[in-house]
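These notes are about the structure you will find just below.
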Amino acid sequence: MIFLEIINWKELLYPYAQAVDELLLKFRSVDKECRNLGMYSPIDAVTGRLKRPSSILEKAGRKQIPPDKIAEEIEDIAGIRILCQFVEDIPKVIDMVRQRKDMTVIEERDYINHTKPSGYRSYHIIIRYPLHTALGEKQVFAEIQIRTNAMNFWATAEHSLRYKYSGNIPQELQDRLKNCAEAAFRLDTEMATIREEIMNAKRLNEIKNNLVTNILENIQNLYFVAKLDDMNEINREFIRIWNGEDMDALREFNEKLNIMAEMYRV
Ligand code: 0O2
């Protein structure tokens with residue numbers, strides 16, 4: 001389909017760019033909050049993109065969508081991608097999206113249990129998202145793709161080839177891509193067997209990082225009020241405990257510094 005009407009791309013895309021920015025911030029904040037609380041985060045990374053005008057035109061042409069219906073009928077102009085380490089994390093992220101009050105789920109497409117013939121696996125959620133713009137409230141569609149790092153590795157590689165060959169990837173390459181998709185599937189399955197170990201390790205690392213940050217903040221504050229000799233002793237003790245890699249000792253040391261800080265405050 002050739003469009004005779006001129007599309008004002010800047011005007012069309014502006015609200016979607018705002019939606020991508022807001023959604024990125026919101027889902028990255030969830031991840032950050034989990035980490036700060038020393039909790040395991042099912043989110044490994046969040047990326048976002050605005051669909052390119054060429055891709056919008058291609059889709060509008062393929063689906064016979066006229067220019068004035070693009071915003072209503074193309075649901076993935078704004079897109080974010082939530083990457084998980086494990087397949088088991090995906091349902092947790094799906095629930096997170098479903099329970100949010102600041103967006104409405106319109107449709108879900110499960111290409112994980114229903115792998116596409118290309119070998120593509122991912123979970124898609126189409127949401128309606130309210131934006132507060134300078135011109136008032138505006139509702140836009142956005143697509144949230146949830147997938148593991150292995151699924152993403154495969155999909156981004158395949159996407160590049162699909163683009164290069166304009167959708168007609170040679171059969172021999174398609175077969176090899178299928179093998180790669182199976183290898184990515186096996187990797188996800190293997191990783192699931194050591195998930196518990198990795199989750200515990202990540203949780204411990206977060207707790208340790210938070211503890212050390214607290215200790216260093218306490219030491220820094222104590223420098224303003226405590227004697228230099230005492231501070232040298234505290235620093236030596238910290239280095240000794242830090243090298244010992246003993247979490248309980250770190251915790252006790254942090255408690256001791258908290259009490260000291262409280263005493264100086266009084
Ligand atoms: P881009 O460049 O990110 O815009 P469709 O008719 O397939 O275009 P539909 O039915 O609206 O799209 O939705 P679907 O299939 O749920 O989602 C389309 C998006 O999912 C694609 O966007 C890709 O990001 C991804 N996707 C779907 N199928 C495949 C696949 O076989 N391989 C890869 N690599 N990605 C896929 P665009 O428009 O392709 O990409």
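Here, A, B, ... name the chains of the structure tokens in the order displayed, residue numbers run from 1 inside each chain, and ligands are numbered from 1 in the same displayed order.
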Kindly provide the residues of chain A that approach ligand 1 to within 8 Å, each paired with its closest atom pair and their distance in Å to one decimal, based on only C-alpha atoms and all ligand atoms, listed by chain and increasing number, as CSV.
residue,atom,partner,partner_atom_place_in_ligand_line,distance
A:Arg49,CA,ligand 1,3 (O),7.5
A:Leu50,CA,ligand 1,4 (O),7.8
A:Lys51,CA,ligand 1,4 (O),4.7
A:Arg52,CA,ligand 1,4 (O),6.5
A:Ser55,CA,ligand 1,4 (O),5.5
A:Ile56,CA,ligand 1,4 (O),7.1
A:Lys59,CA,ligand 1,8 (O),6.0
A:Lys63,CA,ligand 1,6 (O),7.7
A:Ile74,CA,ligand 1,11 (O),6.8
A:Glu75,CA,ligand 1,11 (O),6.6
A:Asp76,CA,ligand 1,11 (O),6.8
A:Ile77,CA,ligand 1,4 (O),7.2
A:Gly79,CA,ligand 1,3 (O),7.6
A:Arg109,CA,ligand 1,16 (O),6.3
A:Lys116,CA,ligand 1,31 (O),6.2
A:Pro117,CA,ligand 1,31 (O),7.4
A:Ser118,CA,ligand 1,31 (O),5.0
A:Gly119,CA,ligand 1,31 (O),6.7
A:Tyr120,CA,ligand 1,31 (O),4.8
A:Arg121,CA,ligand 1,30 (C),7.9
A:His124,CA,ligand 1,16 (O),6.0
A:Gln145,CA,ligand 1,20 (O),7.6
A:Trp154,CA,ligand 1,34 (N),7.3
A:Ala155,CA,ligand 1,34 (N),3.8
A:Thr156,CA,ligand 1,34 (N),5.5
A:Ala157,CA,ligand 1,34 (N),7.0
A:Glu158,CA,ligand 1,34 (N),4.8
A:His159,CA,ligand 1,34 (N),3.9
A:Ser160,CA,ligand 1,34 (N),7.6
A:Arg162,CA,ligand 1,34 (N),7.4
Check which residues of stretch 79-101 of chain A sit at most 8 Å from stretch 186-198 of chain A using only C-alpha atoms, and return one row each with the closest pair of atoms and their distance in Å to one decimal, ordered by chain and rising number, as JSON lines.
{"residue": "A:Phe86", "atom": "CA", "partner": "A:Ala192", "partner_atom": "CA", "distance": 6.4}
{"residue": "A:Val87", "atom": "CA", "partner": "A:Asp188", "partner_atom": "CA", "distance": 6.6}
{"residue": "A:Glu88", "atom": "CA", "partner": "A:Ala192", "partner_atom": "CA", "distance": 7.5}
Same residues, N, CA, C and O atoms, output as a PDB file, in the first residue's frame:
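Output contents, as saved in out.pdb:
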ATOM      1  N   PHE A  86      16.111 -16.506  34.053  1.00  0.00           N
ATOM      2  CA  PHE A  86      15.556 -17.858  33.976  1.00  0.00           C
ATOM      3  C   PHE A  86      14.113 -17.850  33.464  1.00  0.00           C
ATOM      4  O   PHE A  86      13.372 -16.896  33.730  1.00  0.00           O
ATOM      5  N   VAL A  87      13.718 -18.937  32.804  1.00  0.00           N
ATOM      6  CA  VAL A  87      12.334 -19.060  32.320  1.00  0.00           C
ATOM      7  C   VAL A  87      11.363 -18.933  33.494  1.00  0.00           C
ATOM      8  O   VAL A  87      10.299 -18.318  33.377  1.00  0.00           O
ATOM      9  N   GLU A  88      11.769 -19.477  34.670  1.00  0.00           N
ATOM     10  CA  GLU A  88      10.889 -19.445  35.857  1.00  0.00           C
ATOM     11  C   GLU A  88      10.628 -18.027  36.346  1.00  0.00           C
ATOM     12  O   GLU A  88       9.689 -17.796  37.110  1.00  0.00           O
TER      13      GLU A  88
END
Practice prompt. Using backbone DSSP assignments, extract all helix (DSSP H, G or I) residues from stretch 99-196 of chain A; output them as a PyMOL selection string.
Written response: chain A and resi 99+149-164+171-192+195-196
Discussion item. So that I can see what lies close to A:Ile82, please list as a list in words the residues with an atom at most 7 Å from it, counting only C-alpha atoms and leaving out residues fewer than 2 positions away in the same chain.
Written reply: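 Those residues are Ile43, Ala45, Val46, Thr47, Ile80, Cys84, Gln145, Ile146 and Arg147 of chain A.
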Could you take the residues named above and write them with C-alpha atoms, as an mmCIF file, in the first residue's frame?
data_model
loop_
_atom_site.group_PDB
_atom_site.id
_atom_site.type_symbol
_atom_site.label_atom_id
_atom_site.label_comp_id
_atom_site.auth_asym_id
_atom_site.auth_seq_id
_atom_site.Cartn_x
_atom_site.Cartn_y
_atom_site.Cartn_z
ATOM 1 C CA ILE A 43 14.188 -8.751 36.206
ATOM 2 C CA ALA A 45 17.562 -5.886 32.508
ATOM 3 C CA VAL A 46 15.021 -3.641 30.786
ATOM 4 C CA THR A 47 15.455 -2.085 27.363
ATOM 5 C CA ILE A 80 9.931 -2.350 26.145
ATOM 6 C CA CYS A 84 15.064 -12.489 32.777
ATOM 7 C CA GLN A 145 8.148 -8.398 25.560
ATOM 8 C CA ILE A 146 9.317 -10.684 28.344
ATOM 9 C CA ARG A 147 12.010 -13.233 27.566
#
Worksheet item: Mind checking DSSP for stretch 43-86 of chain A and telling me the strand (DSSP E) residues as a PyMOL selection string?
Response: chain A and resi 45-50+78-84
Discussion item. Ranking A:Arg265, A:Asn36, A:Pro130, A:Pro170 by minimum distance to A:Thr213 and counting only C-alpha atoms, which one comes first?
Written reply: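 That would be A:Asn36, the residue with the smallest distance to A:Thr213.
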Discussion item. Report, in Å with one decimal, the straight-line distance from atom CA of A:Glu206 to atom CA of A:Asp102.
Written reply: 28.5 Å
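Close contacts of A:Ile207, defined as residues with an atom at most 12 Å away when counting only C-alpha atoms, with chain neighbours fewer than 6 positions off set aside, comprise Cys34, Arg35, Asn36, Leu37, Gly38, Met39, Tyr40, Asn200, Ala201, Thr213, Asn214, Met247, Asp248, Leu250 and Arg251 of chain A.
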Worksheet, complete the sentence: For A:Tyr223, the closest of A:Leu135, A:Leu211, A:Leu257, A:Ala183 counting only C-alpha atoms is A:Leu257
Practice prompt. Name all residues at most 10 Å from A:Val225 (count only C-alpha atoms; drop same-chain ones fewer than 4 positions away) and give them as number ranges by chain.
Written response: A: 220-221, 231, 261, 264-265
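Excluding A:Phe141 itself and same-chain residues fewer than 5 positions from it, the residues having an atom within 10 Å of it are Tyr16, Ala19, Ala71, Glu72, Glu73, Ile74, Glu75, Asp76, Ile77, Ala78, Gly79, Met103, Thr104, Val105, Ile106, Ile126, Ile127, Arg128, Tyr129 and Pro130 of chain A, counting only C-alpha atoms.
Atom CA of A:Ala142 is positioned 19.5 Å from atom CA of A:Lys92.
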Practice prompt. Would you mind telling me which residue in A:Met260, A:Leu204, A:Met151, A:Val140 lies nearest to A:Ile219 when using only C-alpha atoms?
Written response: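 Of all the options, A:Met260 lies closest to A:Ile219.
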Discussion item. Using Å and a single decimal, report how far atom CA of A:Glu245 sits from atom CA of A:Ala226.
Written reply: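 Those two atoms sit 26.3 Å apart.
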